[in-house]
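S.K.: Dropping the structure in here first, questions after.
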Amino acid sequence: MKLQRKNMLRASALGALVVSGALVLTACGSDDNTKTGDGATKAAAPAAGDIKCDGAKGKLLASGSSAQKNAVDLWVKNYMAACSGVEVNYKSSSSGEGIVAFNQGTVGFAGSDSALKPEQVEESKKICTGGQGIDLPMVGGPIALGFNIAGVDKLNLDAATIANIFNDKIKKWDDEAIKKLNPGVTLPSTAIQHFHRSEDSGTTENLGKYLKATAGDAWPYEAAKKWPAPGGLGASGSSGVATQVKQVDGAIGYFELSYASAQGIKTVDLNTGAAAPVKATGENASKAIAAAKIAGTGSDLALKLDYTTKAEGAYPIVLVTYEVVCDKGNKAETLPTVKSFLNYTASDAGQKILLENGYAPIPAEINAKVREVINSLS
(Lines give C-alpha, C1' and ligand atoms only; values in the text may rest on other atoms or scores of the structure.)
Protein backbone atom coordinates (compact mmCIF):
# COMPACT_ATOMS: atom_id res chain seq x y z
CA MET A 1 0.00 0.00 0.00
CA LYS A 2 2.87 2.36 0.79
CA LEU A 3 4.34 1.97 -2.67
CA GLN A 4 0.93 2.31 -4.33
CA ARG A 5 0.21 5.47 -2.38
CA LYS A 6 3.60 6.86 -3.29
CA ASN A 7 3.02 6.18 -6.98
CA MET A 8 -0.45 7.72 -6.85
CA LEU A 9 0.98 10.86 -5.28
CA ARG A 10 3.68 10.97 -7.89
CA ALA A 11 1.16 10.63 -10.69
CA SER A 12 -0.95 13.40 -9.19
CA ALA A 13 1.95 15.77 -8.63
CA LEU A 14 3.86 15.32 -11.83
CA GLY A 15 1.15 14.25 -14.27
CA ALA A 16 2.55 12.33 -17.19
CA LEU A 17 5.70 13.00 -19.16
CA VAL A 18 5.19 15.44 -21.98
CA VAL A 19 4.15 13.86 -25.27
CA SER A 20 6.57 15.15 -27.87
CA GLY A 21 5.36 16.77 -31.04
CA ALA A 22 2.04 18.34 -31.89
CA LEU A 23 -1.29 16.57 -31.98
CA VAL A 24 -3.42 16.85 -35.07
CA LEU A 25 -5.90 19.05 -33.28
CA THR A 26 -3.79 21.63 -31.48
CA ALA A 27 -0.27 23.02 -31.70
CA CYS A 28 2.08 22.89 -28.71
CA GLY A 29 5.01 25.21 -28.13
CA SER A 30 7.87 24.32 -25.83
CA ASP A 31 7.91 27.84 -24.45
CA ASP A 32 4.76 27.02 -22.49
CA ASN A 33 6.42 24.45 -20.24
CA THR A 34 8.15 24.88 -16.92
CA LYS A 35 10.55 22.68 -14.98
CA THR A 36 9.77 21.29 -11.58
CA GLY A 37 12.39 20.97 -8.87
CA ASP A 38 13.35 17.43 -9.88
CA GLY A 39 13.67 18.29 -13.56
CA ALA A 40 10.34 16.86 -14.71
CA THR A 41 8.39 18.85 -17.28
CA LYS A 42 4.83 19.90 -16.56
CA ALA A 43 2.26 22.24 -18.03
CA ALA A 44 2.75 25.91 -17.24
CA ALA A 45 -0.06 27.56 -15.32
CA PRO A 46 -2.32 29.69 -17.54
CA ALA A 47 -2.38 33.43 -17.16
CA ALA A 48 -4.95 34.56 -14.59
CA GLY A 49 -6.98 36.14 -17.40
CA ASP A 50 -7.53 32.70 -18.95
CA ILE A 51 -9.67 31.65 -15.97
CA LYS A 52 -12.94 33.46 -15.34
CA CYS A 53 -14.09 32.98 -11.75
CA ASP A 54 -17.54 34.48 -12.52
CA GLY A 55 -19.00 34.43 -9.02
CA ALA A 56 -17.52 31.05 -8.04
CA LYS A 57 -17.30 30.57 -4.30
CA GLY A 58 -17.15 27.99 -1.55
CA LYS A 59 -16.49 24.28 -2.00
CA LEU A 60 -17.30 22.20 -5.08
CA LEU A 61 -17.26 18.42 -4.67
CA ALA A 62 -16.86 16.12 -7.66
CA SER A 63 -15.88 12.49 -8.13
CA GLY A 64 -15.56 9.66 -10.62
CA SER A 65 -13.19 8.50 -13.34
CA SER A 66 -9.58 7.90 -12.37
CA ALA A 67 -8.71 8.12 -16.08
CA GLN A 68 -8.82 11.91 -15.96
CA LYS A 69 -7.24 12.29 -12.52
CA ASN A 70 -3.86 13.59 -13.71
CA ALA A 71 -5.55 16.22 -15.88
CA VAL A 72 -8.05 17.22 -13.19
CA ASP A 73 -5.29 17.61 -10.61
CA LEU A 74 -3.58 20.19 -12.82
CA TRP A 75 -6.87 21.91 -13.68
CA VAL A 76 -7.79 22.19 -10.01
CA LYS A 77 -4.37 23.55 -9.05
CA ASN A 78 -4.48 26.26 -11.72
CA TYR A 79 -8.12 27.13 -11.09
CA MET A 80 -7.80 27.45 -7.32
CA ALA A 81 -4.70 29.62 -7.74
CA ALA A 82 -6.72 32.02 -9.89
CA CYS A 83 -9.98 31.96 -7.89
CA SER A 84 -9.24 32.67 -4.25
CA GLY A 85 -11.77 31.41 -1.74
CA VAL A 86 -12.87 28.55 -4.01
CA GLU A 87 -12.10 24.92 -3.24
CA VAL A 88 -12.60 22.20 -5.87
CA ASN A 89 -12.27 18.68 -4.50
CA TYR A 90 -12.26 15.86 -7.08
CA LYS A 91 -12.29 12.36 -5.62
CA SER A 92 -10.71 9.93 -8.05
CA SER A 93 -12.58 6.64 -7.69
CA SER A 94 -14.31 5.13 -10.72
CA SER A 95 -16.87 6.13 -13.31
CA GLY A 96 -19.50 3.93 -11.66
CA GLU A 97 -18.97 5.46 -8.23
CA GLY A 98 -18.99 8.96 -9.70
CA ILE A 99 -22.38 8.47 -11.37
CA VAL A 100 -23.81 6.98 -8.18
CA ALA A 101 -22.61 10.03 -6.23
CA PHE A 102 -24.04 12.37 -8.87
CA ASN A 103 -27.44 10.70 -8.81
CA GLN A 104 -27.43 10.86 -5.02
CA GLY A 105 -26.88 14.61 -5.22
CA THR A 106 -23.62 14.61 -3.24
CA VAL A 107 -21.40 16.08 -6.00
CA GLY A 108 -21.70 19.02 -8.38
CA PHE A 109 -20.48 16.96 -11.32
CA ALA A 110 -19.12 13.47 -11.97
CA GLY A 111 -16.42 12.16 -14.29
CA SER A 112 -17.34 9.09 -16.35
CA ASP A 113 -15.52 7.25 -19.13
CA SER A 114 -18.86 6.08 -20.52
CA ALA A 115 -21.96 8.07 -21.36
CA LEU A 116 -24.98 7.85 -19.09
CA LYS A 117 -27.28 4.91 -19.70
CA PRO A 118 -31.05 5.57 -20.10
CA GLU A 119 -31.83 4.31 -16.61
CA GLN A 120 -29.13 6.57 -15.14
CA VAL A 121 -30.57 9.56 -17.00
CA GLU A 122 -34.00 8.72 -15.62
CA GLU A 123 -32.61 8.49 -12.10
CA SER A 124 -30.84 11.83 -12.48
CA LYS A 125 -34.18 13.61 -12.94
CA LYS A 126 -34.76 13.24 -9.19
CA ILE A 127 -31.68 15.40 -8.55
CA CYS A 128 -31.80 17.72 -11.59
CA THR A 129 -35.06 19.52 -10.83
CA GLY A 130 -36.83 20.15 -14.13
CA GLY A 131 -33.87 18.72 -16.07
CA GLN A 132 -31.63 15.68 -16.33
CA GLY A 133 -28.03 14.54 -16.34
CA ILE A 134 -26.07 15.15 -19.56
CA ASP A 135 -22.65 14.14 -20.87
CA LEU A 136 -20.01 16.75 -21.73
CA PRO A 137 -16.90 15.24 -23.42
CA MET A 138 -13.87 16.85 -21.79
CA VAL A 139 -10.86 14.50 -21.85
CA GLY A 140 -9.67 12.15 -24.59
CA GLY A 141 -6.83 9.70 -24.68
CA PRO A 142 -5.52 6.23 -25.38
CA ILE A 143 -6.04 3.22 -23.15
CA ALA A 144 -2.53 1.80 -23.08
CA LEU A 145 -1.74 -1.87 -22.60
CA GLY A 146 1.25 -1.75 -20.30
CA PHE A 147 3.57 -4.75 -20.01
CA ASN A 148 6.53 -5.86 -17.94
CA ILE A 149 8.51 -8.70 -19.50
CA ALA A 150 12.17 -9.00 -18.54
CA GLY A 151 14.36 -8.50 -21.61
CA VAL A 152 11.50 -7.36 -23.88
CA ASP A 153 11.29 -3.68 -24.79
CA LYS A 154 8.88 -3.82 -27.73
CA LEU A 155 5.70 -5.86 -28.12
CA ASN A 156 3.12 -6.02 -30.91
CA LEU A 157 -0.34 -7.51 -30.29
CA ASP A 158 -3.60 -7.67 -32.22
CA ALA A 159 -7.16 -7.68 -30.91
CA ALA A 160 -7.68 -11.45 -30.92
CA THR A 161 -4.41 -12.09 -29.10
CA ILE A 162 -5.17 -9.42 -26.50
CA ALA A 163 -8.58 -11.01 -25.98
CA ASN A 164 -7.09 -14.47 -25.54
CA ILE A 165 -4.55 -13.15 -23.03
CA PHE A 166 -7.18 -11.42 -20.90
CA ASN A 167 -9.60 -14.34 -21.36
CA ASP A 168 -7.01 -16.68 -19.84
CA LYS A 169 -6.53 -18.66 -23.07
CA ILE A 170 -2.92 -17.65 -23.75
CA LYS A 171 -0.87 -18.29 -20.63
CA LYS A 172 2.82 -17.82 -21.53
CA TRP A 173 4.66 -15.05 -23.33
CA ASP A 174 6.31 -17.42 -25.81
CA ASP A 175 2.94 -18.62 -27.11
CA GLU A 176 2.97 -19.14 -30.88
CA ALA A 177 0.30 -16.48 -31.45
CA ILE A 178 2.46 -13.84 -29.74
CA LYS A 179 5.67 -15.02 -31.45
CA LYS A 180 4.00 -14.74 -34.86
CA LEU A 181 3.24 -11.06 -34.22
CA ASN A 182 6.79 -10.35 -32.99
CA PRO A 183 9.32 -11.84 -35.45
CA GLY A 184 12.89 -11.42 -34.28
CA VAL A 185 11.91 -10.81 -30.66
CA THR A 186 13.10 -13.33 -28.07
CA LEU A 187 10.09 -13.99 -25.89
CA PRO A 188 10.55 -15.84 -22.58
CA SER A 189 8.39 -18.70 -21.34
CA THR A 190 7.37 -16.50 -18.40
CA ALA A 191 3.78 -17.00 -17.24
CA ILE A 192 1.43 -14.17 -18.15
CA GLN A 193 -0.13 -12.36 -15.22
CA HIS A 194 -2.92 -10.11 -16.42
CA PHE A 195 -4.38 -7.37 -14.25
CA HIS A 196 -7.77 -5.67 -14.52
CA ARG A 197 -9.77 -3.09 -12.59
CA SER A 198 -11.38 -4.52 -9.46
CA GLU A 199 -14.21 -1.94 -9.36
CA ASP A 200 -16.72 -0.80 -11.98
CA SER A 201 -14.77 1.24 -14.49
CA GLY A 202 -15.40 3.13 -17.71
CA THR A 203 -11.87 2.21 -18.76
CA THR A 204 -12.85 -1.45 -18.53
CA GLU A 205 -16.00 -0.77 -20.54
CA ASN A 206 -14.10 1.05 -23.30
CA LEU A 207 -11.54 -1.74 -23.60
CA GLY A 208 -14.48 -4.16 -23.75
CA LYS A 209 -16.08 -2.15 -26.57
CA TYR A 210 -12.85 -2.37 -28.56
CA LEU A 211 -12.46 -6.12 -28.02
CA LYS A 212 -16.14 -6.81 -28.74
CA ALA A 213 -15.89 -4.88 -32.01
CA THR A 214 -12.58 -6.32 -33.22
CA ALA A 215 -11.67 -9.65 -31.57
CA GLY A 216 -14.53 -11.79 -32.88
CA ASP A 217 -15.22 -15.05 -31.06
CA ALA A 218 -12.12 -14.55 -28.89
CA TRP A 219 -14.09 -12.02 -26.79
CA PRO A 220 -17.63 -13.33 -26.17
CA TYR A 221 -18.50 -10.75 -23.51
CA GLU A 222 -20.67 -7.66 -23.75
CA ALA A 223 -18.92 -4.41 -22.87
CA ALA A 224 -19.59 -3.47 -19.26
CA LYS A 225 -18.00 -1.50 -16.44
CA LYS A 226 -17.48 -4.70 -14.42
CA TRP A 227 -14.61 -6.92 -15.59
CA PRO A 228 -16.25 -9.95 -17.27
CA ALA A 229 -13.51 -12.50 -17.98
CA PRO A 230 -12.12 -15.29 -15.77
CA GLY A 231 -8.66 -15.36 -14.23
CA GLY A 232 -6.29 -12.50 -13.69
CA LEU A 233 -6.05 -10.25 -10.67
CA GLY A 234 -7.95 -7.08 -9.88
CA ALA A 235 -6.47 -3.81 -8.65
CA SER A 236 -8.11 -0.56 -7.59
CA GLY A 237 -8.03 2.33 -10.03
CA SER A 238 -5.79 2.89 -13.02
CA SER A 239 -2.94 3.72 -10.66
CA GLY A 240 -3.38 0.38 -8.86
CA VAL A 241 -3.26 -1.62 -12.10
CA ALA A 242 -0.21 0.34 -13.28
CA THR A 243 1.58 -0.25 -9.98
CA GLN A 244 1.02 -4.00 -10.22
CA VAL A 245 2.29 -4.14 -13.81
CA LYS A 246 5.37 -2.15 -12.79
CA GLN A 247 6.16 -4.60 -9.98
CA VAL A 248 5.41 -8.02 -11.53
CA ASP A 249 7.56 -9.71 -14.18
CA GLY A 250 5.30 -11.17 -16.86
CA ALA A 251 2.50 -8.68 -16.17
CA ILE A 252 0.15 -6.91 -18.54
CA GLY A 253 -2.68 -4.51 -17.72
CA TYR A 254 -4.67 -1.63 -19.13
CA PHE A 255 -4.74 2.02 -18.03
CA GLU A 256 -4.55 5.50 -19.45
CA LEU A 257 -1.28 6.50 -21.12
CA SER A 258 -0.48 9.10 -18.46
CA TYR A 259 -0.09 6.33 -15.86
CA ALA A 260 2.31 4.42 -18.10
CA SER A 261 4.33 7.57 -18.76
CA ALA A 262 4.49 8.53 -15.10
CA GLN A 263 5.82 5.12 -14.05
CA GLY A 264 8.01 4.36 -17.09
CA ILE A 265 5.93 1.34 -18.15
CA LYS A 266 6.39 0.01 -21.69
CA THR A 267 3.24 -0.15 -23.81
CA VAL A 268 1.97 -2.48 -26.53
CA ASP A 269 1.95 -1.41 -30.18
CA LEU A 270 -1.39 -2.33 -31.71
CA ASN A 271 -1.74 -4.33 -34.92
CA THR A 272 -4.95 -2.85 -36.34
CA GLY A 273 -4.60 -3.99 -39.93
CA ALA A 274 -2.88 -0.76 -40.92
CA ALA A 275 0.47 -0.91 -42.71
CA ALA A 276 2.37 -0.77 -39.41
CA PRO A 277 1.53 -1.40 -35.74
CA VAL A 278 0.27 1.74 -34.00
CA LYS A 279 1.79 3.14 -30.82
CA ALA A 280 -0.31 4.34 -27.90
CA THR A 281 0.27 8.09 -28.07
CA GLY A 282 -1.90 11.14 -27.62
CA GLU A 283 -1.34 12.04 -31.27
CA ASN A 284 -2.49 8.62 -32.48
CA ALA A 285 -5.49 8.66 -30.15
CA SER A 286 -6.47 12.05 -31.58
CA LYS A 287 -6.59 10.54 -35.06
CA ALA A 288 -9.19 8.07 -33.82
CA ILE A 289 -11.19 10.52 -31.69
CA ALA A 290 -11.35 13.09 -34.51
CA ALA A 291 -13.67 10.70 -36.38
CA ALA A 292 -16.15 10.52 -33.48
CA LYS A 293 -19.76 11.55 -34.05
CA ILE A 294 -22.15 13.13 -31.54
CA ALA A 295 -24.69 10.46 -30.63
CA GLY A 296 -26.48 12.35 -27.85
CA THR A 297 -29.52 14.57 -28.37
CA GLY A 298 -30.25 18.09 -27.18
CA SER A 299 -27.66 19.25 -24.68
CA ASP A 300 -26.24 15.75 -24.30
CA LEU A 301 -22.99 15.43 -26.26
CA ALA A 302 -22.24 11.72 -25.88
CA LEU A 303 -19.93 10.52 -28.67
CA LYS A 304 -19.86 7.42 -30.84
CA LEU A 305 -16.30 6.19 -31.37
CA ASP A 306 -15.07 3.92 -34.17
CA TYR A 307 -13.10 1.12 -32.51
CA THR A 308 -12.60 -0.75 -35.80
CA THR A 309 -10.66 1.92 -37.68
CA LYS A 310 -7.66 0.78 -39.70
CA ALA A 311 -6.55 4.28 -40.62
CA GLU A 312 -2.80 4.73 -40.66
CA GLY A 313 -1.52 5.92 -37.29
CA ALA A 314 -4.95 5.81 -35.61
CA TYR A 315 -4.89 4.14 -32.18
CA PRO A 316 -8.44 2.85 -31.61
CA ILE A 317 -8.36 1.78 -27.95
CA VAL A 318 -9.45 5.19 -26.78
CA LEU A 319 -11.78 6.64 -24.25
CA VAL A 320 -13.48 9.94 -23.80
CA THR A 321 -14.17 11.06 -20.26
CA TYR A 322 -17.37 13.02 -19.79
CA GLU A 323 -18.20 15.50 -17.09
CA VAL A 324 -21.77 14.62 -16.07
CA VAL A 325 -23.86 17.63 -15.02
CA CYS A 326 -27.51 18.66 -14.79
CA ASP A 327 -28.68 20.63 -17.81
CA LYS A 328 -31.27 22.27 -15.54
CA GLY A 329 -31.87 22.15 -11.81
CA ASN A 330 -28.30 22.50 -10.61
CA LYS A 331 -27.90 23.56 -6.97
CA ALA A 332 -27.85 27.33 -6.75
CA GLU A 333 -24.90 27.37 -4.32
CA THR A 334 -22.59 25.38 -6.62
CA LEU A 335 -23.82 26.29 -10.13
CA PRO A 336 -21.53 29.35 -10.58
CA THR A 337 -18.49 27.27 -9.61
CA VAL A 338 -19.50 24.34 -11.82
CA LYS A 339 -19.87 26.62 -14.83
CA SER A 340 -16.70 28.59 -14.08
CA PHE A 341 -14.55 25.50 -13.54
CA LEU A 342 -15.87 23.61 -16.57
CA ASN A 343 -15.51 26.70 -18.74
CA TYR A 344 -11.83 26.64 -17.82
CA THR A 345 -11.39 22.92 -18.51
CA ALA A 346 -13.03 23.35 -21.93
CA SER A 347 -11.02 26.49 -22.75
CA ASP A 348 -8.00 26.54 -25.04
CA ALA A 349 -5.75 26.76 -21.97
CA GLY A 350 -7.51 23.87 -20.25
CA GLN A 351 -7.40 21.63 -23.29
CA LYS A 352 -3.73 22.45 -23.85
CA ILE A 353 -2.98 20.77 -20.52
CA LEU A 354 -4.33 17.54 -22.05
CA LEU A 355 -2.02 17.94 -25.01
CA GLU A 356 1.00 18.33 -22.77
CA ASN A 357 0.29 15.44 -20.41
CA GLY A 358 -0.37 12.33 -22.50
CA TYR A 359 -4.07 12.92 -23.15
CA ALA A 360 -5.82 14.08 -26.31
CA PRO A 361 -7.86 17.30 -26.59
CA ILE A 362 -11.50 17.09 -27.59
CA PRO A 363 -11.88 17.95 -31.32
CA ALA A 364 -12.41 21.68 -31.76
CA GLU A 365 -15.83 21.42 -33.42
CA ILE A 366 -17.19 19.27 -30.60
CA ASN A 367 -15.50 21.37 -27.92
CA ALA A 368 -17.20 24.50 -29.24
CA LYS A 369 -20.55 22.82 -28.56
CA VAL A 370 -19.37 21.81 -25.09
CA ARG A 371 -18.71 25.47 -24.26
CA GLU A 372 -22.15 26.48 -25.50
CA VAL A 373 -23.82 23.88 -23.28
CA ILE A 374 -21.76 24.87 -20.21
CA ASN A 375 -22.88 28.47 -20.59
CA SER A 376 -26.53 27.34 -20.83
CA LEU A 377 -26.50 25.32 -17.59
CA SER A 378 -29.07 26.52 -15.08
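Each chain in the C-alpha coordinates gets a letter, A, B and so on, in the order shown; residues start at 1 in every chain, and ligands are counted from 1 in the order they appear.
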Identify, on the basis of only C-alpha atoms, every residue whose closest approach to Ser65 of chain A does not exceed 10 Å; exclude the query and any residue fewer than 3 positions from it along the same chain; express the result as a PyMOL selection string.

M.R.: chain A and resi 68-69+90-99+110-114+201-203+237-238+321-323

S.K.: As a PyMOL selection string, please: every residue in segment 42-224 of chain A that a backbone DSSP assignment puts in alpha helix (DSSP H).

M.R.: chain A and resi 69-82+95-103+118-124+159-166+176-181+202-214

S.K.: Which residue gives the smallest distance to Ile294 of chain A among A:Asp217, A:Glu87, A:Glu365, A:Glu205, with only C-alpha atoms counted?

M.R.: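 For Ile294 of chain A, the nearest of the given residues is A:Glu365.
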
S.K.: Find the residues of segment 104-180 of chain A that sit at most 10 Å from segment 287-291 of chain A; for each, write down the nearest two atoms and how far apart they are in Å, to one decimal. Count only C-alpha atoms. Sort by chain, then by number going up, and give it as a tab-separated table.

M.R.:
residue	atom	partner	partner_atom	distance
A:Gly140	CA	A:Ile289	CA	7.4
A:Gly141	CA	A:Ile289	CA	8.3
A:Pro142	CA	A:Ala288	CA	9.4

S.K.: Which residues come within 7 Å of segment 152-168 of chain A, counting only C-alpha atoms, excluding same-chain residues fewer than 2 positions away, as a PyMOL selection string?

M.R.: chain A and resi 149-150+170-171+177-178+181-182+194+211+214-215+218-219+229-231+266+268-272+277

S.K.: Report, in Å to a single decimal, how far apart atom CA of Gln120 of chain A and atom CA of Gly298 of chain A are.

M.R.: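 Rounded to one decimal, the two atoms are 16.7 Å apart.
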
S.K.: Measuring between only C-alpha atoms, which one of A:Thr337, A:Val86, A:Asp135, A:Leu233 shows the shortest distance to Lys369 of chain A?

M.R.: A:Asp135

S.K.: Please determine, counting only C-alpha atoms, which residue among A:Ala213, A:Val325, A:Ala67, A:Val139 has the shortest atom-to-atom distance to Ser378 of chain A.

M.R.: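 Closest to Ser378 of chain A of all the choices is A:Val325.
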
S.K.: Nearest to Ser198 of chain A among A:Ala364, A:Val241, A:Ala302, A:Leu257, with distances taken over only C-alpha atoms: which residue is it?

M.R.: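 Nearest to Ser198 of chain A: A:Val241.
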
S.K.: Ranking A:Ala82, A:Cys326, A:Ala56, A:Ala311 by minimum distance to Gly273 of chain A and counting only C-alpha atoms, which one comes first?

M.R.: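 Nearest candidate to Gly273 of chain A out of A:Ala82, A:Cys326, A:Ala56, A:Ala311: A:Ala311.
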
S.K.: Enter the distance from atom CA of Ala360 of chain A to atom CA of Ala223 of chain A, in Å, rounded to one decimal.

M.R.: 22.9 Å

S.K.: Interatomic distance between atom CA of Val338 of chain A and atom CA of Ser63 of chain A?

M.R.: 12.9 Å

S.K.: So which bits of segment 187-279 of chain A end up strand (DSSP E) when you DSSP the backbone, as a VMD selection string?

M.R.: chain A and resid 193 to 197 233 to 235 251 to 256 266 to 267 269 to 271

S.K.: Counting only C-alpha atoms, which residue out of A:Ile192, A:Val278, A:Val121, A:Leu354 sits closest to Phe102 of chain A?

M.R.: A:Val121

S.K.: Write out as number ranges by chain which residues come within 12 Å of Lys339 of chain A when counting only C-alpha atoms, dropping same-chain ones fewer than 6 positions away.

M.R.: A: 51-57, 60, 108-109, 323, 325-327, 330-333, 345-347, 370-378

S.K.: At a cut-off of 8 Å, using only C-alpha atoms, what residues contact Asn367 of chain A? Leave out same-chain residues fewer than 5 positions from it and give the result as a list in words.

M.R.: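 After dropping sequence-adjacent residues, the list is Pro137, Met138, Ala346 and Ile362 of chain A.
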